[in-house]
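Peer 1: Here it is, the structure in full.
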Amino acid sequence: MKGKRWLPLAAAGMLTFLSACGGGSTETSKSSGSAGGAETKTYKIGITQFVEHPALDAAREGFLRALKENGLEDKKNVEIDYQNSQADQTNVNTIAQKFASDKKDLILAIATPNAQAVAQNVKNTPVLFTAVSDPVSAKLVKDLQKPGGNITGVSDTPPDAIPNTMKAIKDLFPNAKKVGIIYNSGEANSVANVKVAKDALGKLQLTPVEATATNTNEIKPAVESLVGKVDAIYVPQDNTAVTALKTIIGTANKNKIPLFVGELESVRSGGFAGVGFEYSDIGYETGKMAVKILKEGAKPGEIAVGYPPKLTLTINKEAAKAQGIDITKLPKEALDKWKPEMIDGKAAK
């Protein structure tokens, strides 16, 4: 598969027009290696991703790995149509409309905005989502166990992940009083995450201090507004904040503020710590759902929404140094309790 950025809208309109004129029914082809030239189906899969960043990219790669391990490979018996909306809601909607007219065999939506747009435009094609925090609040499904309709997928927010991250802040920094949270208040995904974080902080008698941004250009003033006001910073699974994570890390390093993050790719990128999972794993789990649907005829609405199977507290030793944290002086009780995985990730400047 060769990834491609979303085309300008004029070109997108032309693609939609061409698709509509050309039909778009599921293709079949003669299998070159099969006896008697038996027909082998070539599956058309559309992938719509909100923006390029390590976590979402890893989810997509995990999805494709699951397909390949189960005999479904791009350019052999699968046609992957990968579109990246570059964090532009107009592009998100246009891609969803194009996929609807293309009549794909299956659509994968990566991140909440794209999943919502596909759900609104595609009613008869199987749809899977991944990297979605709250499928119910996002109105993708009504019931996590029995989604119904044509959509299901894997959530990236297991119920314990955010509360455990807040507990880790309290355990590792028992003198902390205030925790800054940076997010885009326009992302339903983030609003849901932040509500869970604030509830957890309240139970731990920690005070949340919110800093919001509507785009990546607003991240720098948002994070700088927290300097001198908080004892730690938390970045949830927010596409805007994660896309501008380097800016947040730079401010945390310069001002020696522990930076907790919502997923492990951000720990590797220079966050101090996070309780999370591998995004490639949730992509892989979503890929297994696709295999069941395409090869076994399973109905999406009968497949329960999944969660990542394992959560781990991971600490980036290089980031700890950059943020002025002496790991040897962290409370022994906390380290014994969490048994964190220590990694040698890079420390962003």
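Every chain in the structure tokens takes a letter, A first, then B, and so on in the order presented; its residues are numbered from 1, and the ligands are numbered from 1 following the presented order.
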Mind checking which residues fall within 9 Å of Leu67 in chain A, counting only C-alpha atoms, ignoring those fewer than 6 positions away in the same chain, and posting them as a ChimeraX atom specification?
Peer 2: /A:73-74,284,287-288,290-291
Peer 1: For the residues selected in the previous step, produce a file with all heavy atoms as a short mmCIF file (atom, residue, chain, number, x, y, z; two decimals), in the first residue's frame.
Peer 2:
data_model
loop_
_atom_site.label_atom_id
_atom_site.label_comp_id
_atom_site.auth_asym_id
_atom_site.auth_seq_id
_atom_site.Cartn_x
_atom_site.Cartn_y
_atom_site.Cartn_z
N GLU A 73 -3.79 -9.51 1.22
CA GLU A 73 -2.62 -8.66 1.04
C GLU A 73 -2.86 -7.63 -0.06
O GLU A 73 -3.38 -7.96 -1.13
CB GLU A 73 -1.40 -9.51 0.71
CG GLU A 73 -0.10 -8.73 0.71
CD GLU A 73 1.11 -9.64 0.63
OE1 GLU A 73 0.93 -10.88 0.59
OE2 GLU A 73 2.22 -9.14 0.60
N ASP A 74 -2.42 -6.42 0.24
CA ASP A 74 -2.57 -5.32 -0.71
C ASP A 74 -1.86 -5.66 -2.03
O ASP A 74 -0.76 -6.20 -2.04
CB ASP A 74 -1.98 -4.05 -0.10
CG ASP A 74 -2.27 -2.82 -0.95
OD1 ASP A 74 -3.30 -2.83 -1.65
OD2 ASP A 74 -1.48 -1.86 -0.89
N TYR A 284 -4.29 -4.24 14.99
CA TYR A 284 -4.27 -5.68 14.68
C TYR A 284 -5.61 -6.33 15.06
O TYR A 284 -6.15 -7.14 14.30
CB TYR A 284 -3.13 -6.34 15.43
CG TYR A 284 -2.89 -7.78 15.05
CD1 TYR A 284 -2.07 -8.10 13.95
CD2 TYR A 284 -3.47 -8.82 15.76
CE1 TYR A 284 -1.86 -9.42 13.59
CE2 TYR A 284 -3.26 -10.14 15.39
CZ TYR A 284 -2.46 -10.43 14.31
OH TYR A 284 -2.25 -11.75 13.96
N GLY A 287 -8.05 -5.51 12.54
CA GLY A 287 -7.82 -6.29 11.33
C GLY A 287 -8.41 -7.69 11.43
O GLY A 287 -8.93 -8.23 10.44
N LYS A 288 -8.34 -8.27 12.61
CA LYS A 288 -8.93 -9.60 12.80
C LYS A 288 -10.45 -9.55 12.61
O LYS A 288 -11.06 -10.49 12.09
CB LYS A 288 -8.57 -10.13 14.19
CG LYS A 288 -7.11 -10.55 14.31
CD LYS A 288 -6.64 -10.73 15.74
CE LYS A 288 -7.42 -11.69 16.55
NZ LYS A 288 -6.89 -11.84 17.93
N ALA A 290 -11.90 -7.52 10.54
CA ALA A 290 -12.09 -7.42 9.09
C ALA A 290 -12.02 -8.80 8.44
O ALA A 290 -12.79 -9.10 7.52
CB ALA A 290 -11.02 -6.50 8.50
N VAL A 291 -11.10 -9.62 8.90
CA VAL A 291 -10.97 -10.98 8.36
C VAL A 291 -12.26 -11.77 8.59
O VAL A 291 -12.75 -12.47 7.70
CB VAL A 291 -9.77 -11.69 8.99
CG1 VAL A 291 -9.73 -13.16 8.58
CG2 VAL A 291 -8.47 -11.00 8.59
#
Peer 1: Neighbours of Ala100 in chain A within 9 Å (only C-alpha atoms; same-chain residues fewer than 2 positions away dropped), as a list in words?
Peer 2: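 Contacts, with the query itself left out: Ile95, Ala96, Gln97, Lys98, Asp102, Lys103, Lys104, Val118, Asn121, Val122, Lys123 and Thr125 of chain A.
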Peer 1: Skipping near chain neighbours, those fewer than 4 positions away, what residues fall within 12 Å of Gly202 in chain A using only C-alpha atoms, listed as number ranges by chain?
Peer 2: A: 163, 166-167, 170, 177-179, 195-198, 206-209
Peer 1: Store the residues picked out above, limited to all heavy atoms, as a tab-separated table (two decimals), in the first residue's frame.
Peer 2:
chain	number	residue	atom	x	y	z
A	163	PRO	N	-7.95	6.55	34.42
A	163	PRO	CA	-7.85	6.58	35.89
A	163	PRO	C	-6.51	6.06	36.40
A	163	PRO	O	-5.96	6.60	37.38
A	163	PRO	CB	-9.02	5.68	36.33
A	163	PRO	CG	-10.02	5.81	35.23
A	163	PRO	CD	-9.19	5.88	33.98
A	166	MET	N	-3.87	8.75	36.05
A	166	MET	CA	-3.99	9.77	37.11
A	166	MET	C	-3.46	9.22	38.44
A	166	MET	O	-2.79	9.94	39.19
A	166	MET	CB	-5.47	10.18	37.25
A	166	MET	CG	-6.10	10.77	35.99
A	166	MET	SD	-5.25	12.20	35.30
A	166	MET	CE	-4.53	11.46	33.82
A	167	LYS	N	-3.72	7.95	38.72
A	167	LYS	CA	-3.19	7.34	39.94
A	167	LYS	C	-1.66	7.30	39.91
A	167	LYS	O	-1.00	7.50	40.93
A	167	LYS	CB	-3.74	5.91	40.10
A	167	LYS	CG	-5.22	5.86	40.46
A	167	LYS	CD	-5.70	4.41	40.53
A	167	LYS	CE	-7.20	4.35	40.81
A	167	LYS	NZ	-7.70	2.94	40.78
A	170	LYS	N	-0.24	10.60	40.94
A	170	LYS	CA	-0.32	10.76	42.40
A	170	LYS	C	0.73	9.89	43.11
A	170	LYS	O	1.36	10.34	44.08
A	170	LYS	CB	-1.72	10.35	42.88
A	170	LYS	CG	-1.95	10.49	44.38
A	170	LYS	CD	-2.07	11.95	44.81
A	170	LYS	CE	-2.50	12.06	46.26
A	170	LYS	NZ	-2.61	13.46	46.67
A	177	LYS	N	-0.13	18.86	43.32
A	177	LYS	CA	-1.46	19.39	43.66
A	177	LYS	C	-2.31	19.66	42.42
A	177	LYS	O	-3.53	19.48	42.45
A	177	LYS	CB	-1.31	20.69	44.46
A	177	LYS	CG	-0.50	20.56	45.74
A	177	LYS	CD	-1.19	19.64	46.75
A	177	LYS	CE	-0.38	19.58	48.06
A	177	LYS	NZ	-0.97	18.58	49.00
A	178	LYS	N	-1.65	20.15	41.35
A	178	LYS	CA	-2.41	20.55	40.16
A	178	LYS	C	-1.83	19.87	38.92
A	178	LYS	O	-0.61	19.77	38.77
A	178	LYS	CB	-2.36	22.07	39.98
A	178	LYS	CG	-3.04	22.84	41.12
A	178	LYS	CD	-3.00	24.34	40.86
A	178	LYS	CE	-3.70	25.09	41.99
A	178	LYS	NZ	-3.67	26.56	41.78
A	179	VAL	N	-2.73	19.43	38.04
A	179	VAL	CA	-2.33	18.74	36.81
A	179	VAL	C	-2.92	19.47	35.60
A	179	VAL	O	-4.13	19.63	35.49
A	179	VAL	CB	-2.82	17.27	36.80
A	179	VAL	CG1	-2.47	16.58	35.48
A	179	VAL	CG2	-2.23	16.51	37.99
A	195	LYS	N	-13.07	14.38	30.56
A	195	LYS	CA	-14.06	14.21	31.62
A	195	LYS	C	-13.66	13.06	32.56
A	195	LYS	O	-13.74	13.19	33.79
A	195	LYS	CB	-15.45	13.93	31.03
A	195	LYS	CG	-16.53	13.79	32.09
A	195	LYS	CD	-17.89	13.52	31.49
A	195	LYS	CE	-18.97	13.51	32.58
A	195	LYS	NZ	-18.68	12.58	33.68
A	196	VAL	N	-13.21	11.96	31.96
A	196	VAL	CA	-12.77	10.83	32.78
A	196	VAL	C	-11.56	11.23	33.62
A	196	VAL	O	-11.47	10.90	34.82
A	196	VAL	CB	-12.42	9.62	31.88
A	196	VAL	CG1	-11.82	8.48	32.71
A	196	VAL	CG2	-13.66	9.13	31.16
A	197	ALA	N	-10.62	11.96	33.00
A	197	ALA	CA	-9.42	12.39	33.74
A	197	ALA	C	-9.77	13.31	34.90
A	197	ALA	O	-9.25	13.15	36.01
A	197	ALA	CB	-8.46	13.09	32.78
A	198	LYS	N	-10.66	14.25	34.66
A	198	LYS	CA	-11.04	15.20	35.72
A	198	LYS	C	-11.75	14.48	36.87
A	198	LYS	O	-11.52	14.79	38.05
A	198	LYS	CB	-11.94	16.30	35.13
A	198	LYS	CG	-11.19	17.26	34.21
A	198	LYS	CD	-12.12	18.15	33.40
A	198	LYS	CE	-12.92	19.07	34.27
A	198	LYS	NZ	-13.77	19.96	33.46
A	206	LEU	N	-6.64	15.92	43.45
A	206	LEU	CA	-5.77	16.71	42.58
A	206	LEU	C	-6.66	17.65	41.76
A	206	LEU	O	-7.79	17.30	41.40
A	206	LEU	CB	-4.97	15.80	41.64
A	206	LEU	CG	-3.92	14.91	42.30
A	206	LEU	CD1	-3.36	13.91	41.29
A	206	LEU	CD2	-2.80	15.75	42.89
A	207	THR	N	-6.13	18.83	41.46
A	207	THR	CA	-6.92	19.84	40.75
A	207	THR	C	-6.54	19.88	39.27
A	207	THR	O	-5.37	20.10	38.95
A	207	THR	CB	-6.68	21.23	41.36
A	207	THR	OG1	-7.03	21.20	42.74
A	207	THR	CG2	-7.51	22.29	40.65
A	208	PRO	N	-7.50	19.67	38.36
A	208	PRO	CA	-7.19	19.80	36.92
A	208	PRO	C	-7.15	21.26	36.51
A	208	PRO	O	-7.94	22.09	36.97
A	208	PRO	CB	-8.36	19.08	36.26
A	208	PRO	CG	-9.49	19.20	37.22
A	208	PRO	CD	-8.89	19.23	38.60
A	209	VAL	N	-6.21	21.58	35.62
A	209	VAL	CA	-6.12	22.93	35.03
A	209	VAL	C	-6.13	22.75	33.52
A	209	VAL	O	-5.18	22.22	32.95
A	209	VAL	CB	-4.82	23.65	35.48
A	209	VAL	CG1	-4.78	25.05	34.86
A	209	VAL	CG2	-4.73	23.72	37.00
Peer 1: Expressed in Å to a single decimal, how great is the separation between CA of Tyr279 in chain A and CA of Ala55 in chain A?
Peer 2: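 CA of Ala55 in chain A lies at a distance of 5.6 Å from CA of Tyr279 in chain A.
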Peer 1: For CA of Lys75 in chain A and CA of Ile107 in chain A, quote the distance in Å rounded to one decimal.
Peer 2: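 CA of Lys75 in chain A sits 16.8 Å away from CA of Ile107 in chain A.
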Peer 1: Between A:Ala298, A:Ile219, A:Leu172, A:Leu144, which residue has the minimum interatomic distance to Pro340 in chain A, considering only C-alpha atoms?
Peer 2: A:Leu172
Peer 1: Measuring between only C-alpha atoms, which one of A:Ala200, A:Ala241, A:Ala222, A:Leu311 shows the shortest distance to Val51 in chain A?
Peer 2: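 When distances to Val51 in chain A are compared using only C-alpha atoms, the smallest one comes from A:Ala241.
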Peer 1: Among range 39-206 of chain A, which residues does DSSP mark as strand (DSSP E) when it is run on the backbone? Keep the chain and numbering as in the structure and answer as a ChimeraX atom specification.
Peer 2: /A:39-41,43-49,78-84,106-110,127-132,151-155,178-183
Peer 1: Any idea what's packed within 7 Å of range 145-152 of chain A, counting only C-alpha atoms, ignoring anything in its chain fewer than 6 positions away? Could you give it as a PDB file with N, CA and C atoms, in the first residue's frame?
Peer 2:
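Done, and the output landed in part_6.pdb:
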ATOM      1  N   LYS A 123     -24.240   3.216   4.905  1.00  0.00           N
ATOM      2  CA  LYS A 123     -25.245   2.477   5.677  1.00  0.00           C
ATOM      3  C   LYS A 123     -25.272   0.979   5.375  1.00  0.00           C
ATOM      4  N   ASN A 124     -24.753   0.568   4.228  1.00  0.00           N
ATOM      5  CA  ASN A 124     -24.870  -0.836   3.849  1.00  0.00           C
ATOM      6  C   ASN A 124     -23.536  -1.580   3.784  1.00  0.00           C
ATOM      7  N   THR A 125     -22.440  -0.856   3.784  1.00  0.00           N
ATOM      8  CA  THR A 125     -21.115  -1.475   3.718  1.00  0.00           C
ATOM      9  C   THR A 125     -20.592  -1.706   5.136  1.00  0.00           C
ATOM     10  N   PRO A 126     -19.921  -2.838   5.403  1.00  0.00           N
ATOM     11  CA  PRO A 126     -19.315  -3.039   6.729  1.00  0.00           C
ATOM     12  C   PRO A 126     -18.303  -1.943   7.046  1.00  0.00           C
ATOM     13  N   VAL A 127     -18.415  -1.387   8.239  1.00  0.00           N
ATOM     14  CA  VAL A 127     -17.513  -0.313   8.670  1.00  0.00           C
ATOM     15  C   VAL A 127     -16.856  -0.727   9.986  1.00  0.00           C
ATOM     16  N   LEU A 128     -15.541  -0.559  10.062  1.00  0.00           N
ATOM     17  CA  LEU A 128     -14.809  -0.774  11.302  1.00  0.00           C
ATOM     18  C   LEU A 128     -14.151   0.530  11.726  1.00  0.00           C
ATOM     19  N   PHE A 129     -14.089   0.769  13.014  1.00  0.00           N
ATOM     20  CA  PHE A 129     -13.347   1.927  13.521  1.00  0.00           C
ATOM     21  C   PHE A 129     -12.239   1.440  14.433  1.00  0.00           C
ATOM     22  N   PRO A 300     -20.893  -7.030  11.161  1.00  0.00           N
ATOM     23  CA  PRO A 300     -20.279  -6.101  12.117  1.00  0.00           C
ATOM     24  C   PRO A 300     -21.136  -5.871  13.359  1.00  0.00           C
ATOM     25  N   GLY A 301     -22.429  -5.736  13.151  1.00  0.00           N
ATOM     26  CA  GLY A 301     -23.321  -5.424  14.267  1.00  0.00           C
ATOM     27  C   GLY A 301     -23.399  -6.507  15.319  1.00  0.00           C
ATOM     28  N   GLU A 302     -22.887  -7.701  14.987  1.00  0.00           N
ATOM     29  CA  GLU A 302     -22.906  -8.807  15.943  1.00  0.00           C
ATOM     30  C   GLU A 302     -21.547  -9.026  16.613  1.00  0.00           C
ATOM     31  N   ILE A 303     -20.569  -8.174  16.275  1.00  0.00           N
ATOM     32  CA  ILE A 303     -19.231  -8.277  16.878  1.00  0.00           C
ATOM     33  C   ILE A 303     -19.090  -7.198  17.951  1.00  0.00           C
ATOM     34  N   ALA A 304     -18.844  -7.590  19.181  1.00  0.00           N
ATOM     35  CA  ALA A 304     -18.722  -6.625  20.281  1.00  0.00           C
ATOM     36  C   ALA A 304     -17.529  -5.701  20.062  1.00  0.00           C
ATOM     37  N   VAL A 305     -17.678  -4.455  20.484  1.00  0.00           N
ATOM     38  CA  VAL A 305     -16.561  -3.501  20.431  1.00  0.00           C
ATOM     39  C   VAL A 305     -15.430  -4.013  21.330  1.00  0.00           C
TER      40      VAL A 305
END
Peer 1: For the contact check between range 133-202 of chain A and range 245-263 of chain A, emit one row per residue of range 133-202 of chain A within 8 Å, containing the shortest atom pair and the distance in Å rounded to one decimal, counting only C-alpha atoms, chain then rising number order, as a tab-separated table.
Peer 2:
residue	atom	partner	partner_atom	distance
A:Ile162	CA	A:Gly262	CA	7.4
A:Thr165	CA	A:Phe260	CA	7.8
A:Ile169	CA	A:Phe260	CA	7.8
Peer 1: What is the CA of Glu341 in chain A-CA of Gln237 in chain A distance in Å, reported with one decimal?
Peer 2: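 Taking CA of Glu341 in chain A and CA of Gln237 in chain A, their separation equals 20.2 Å.
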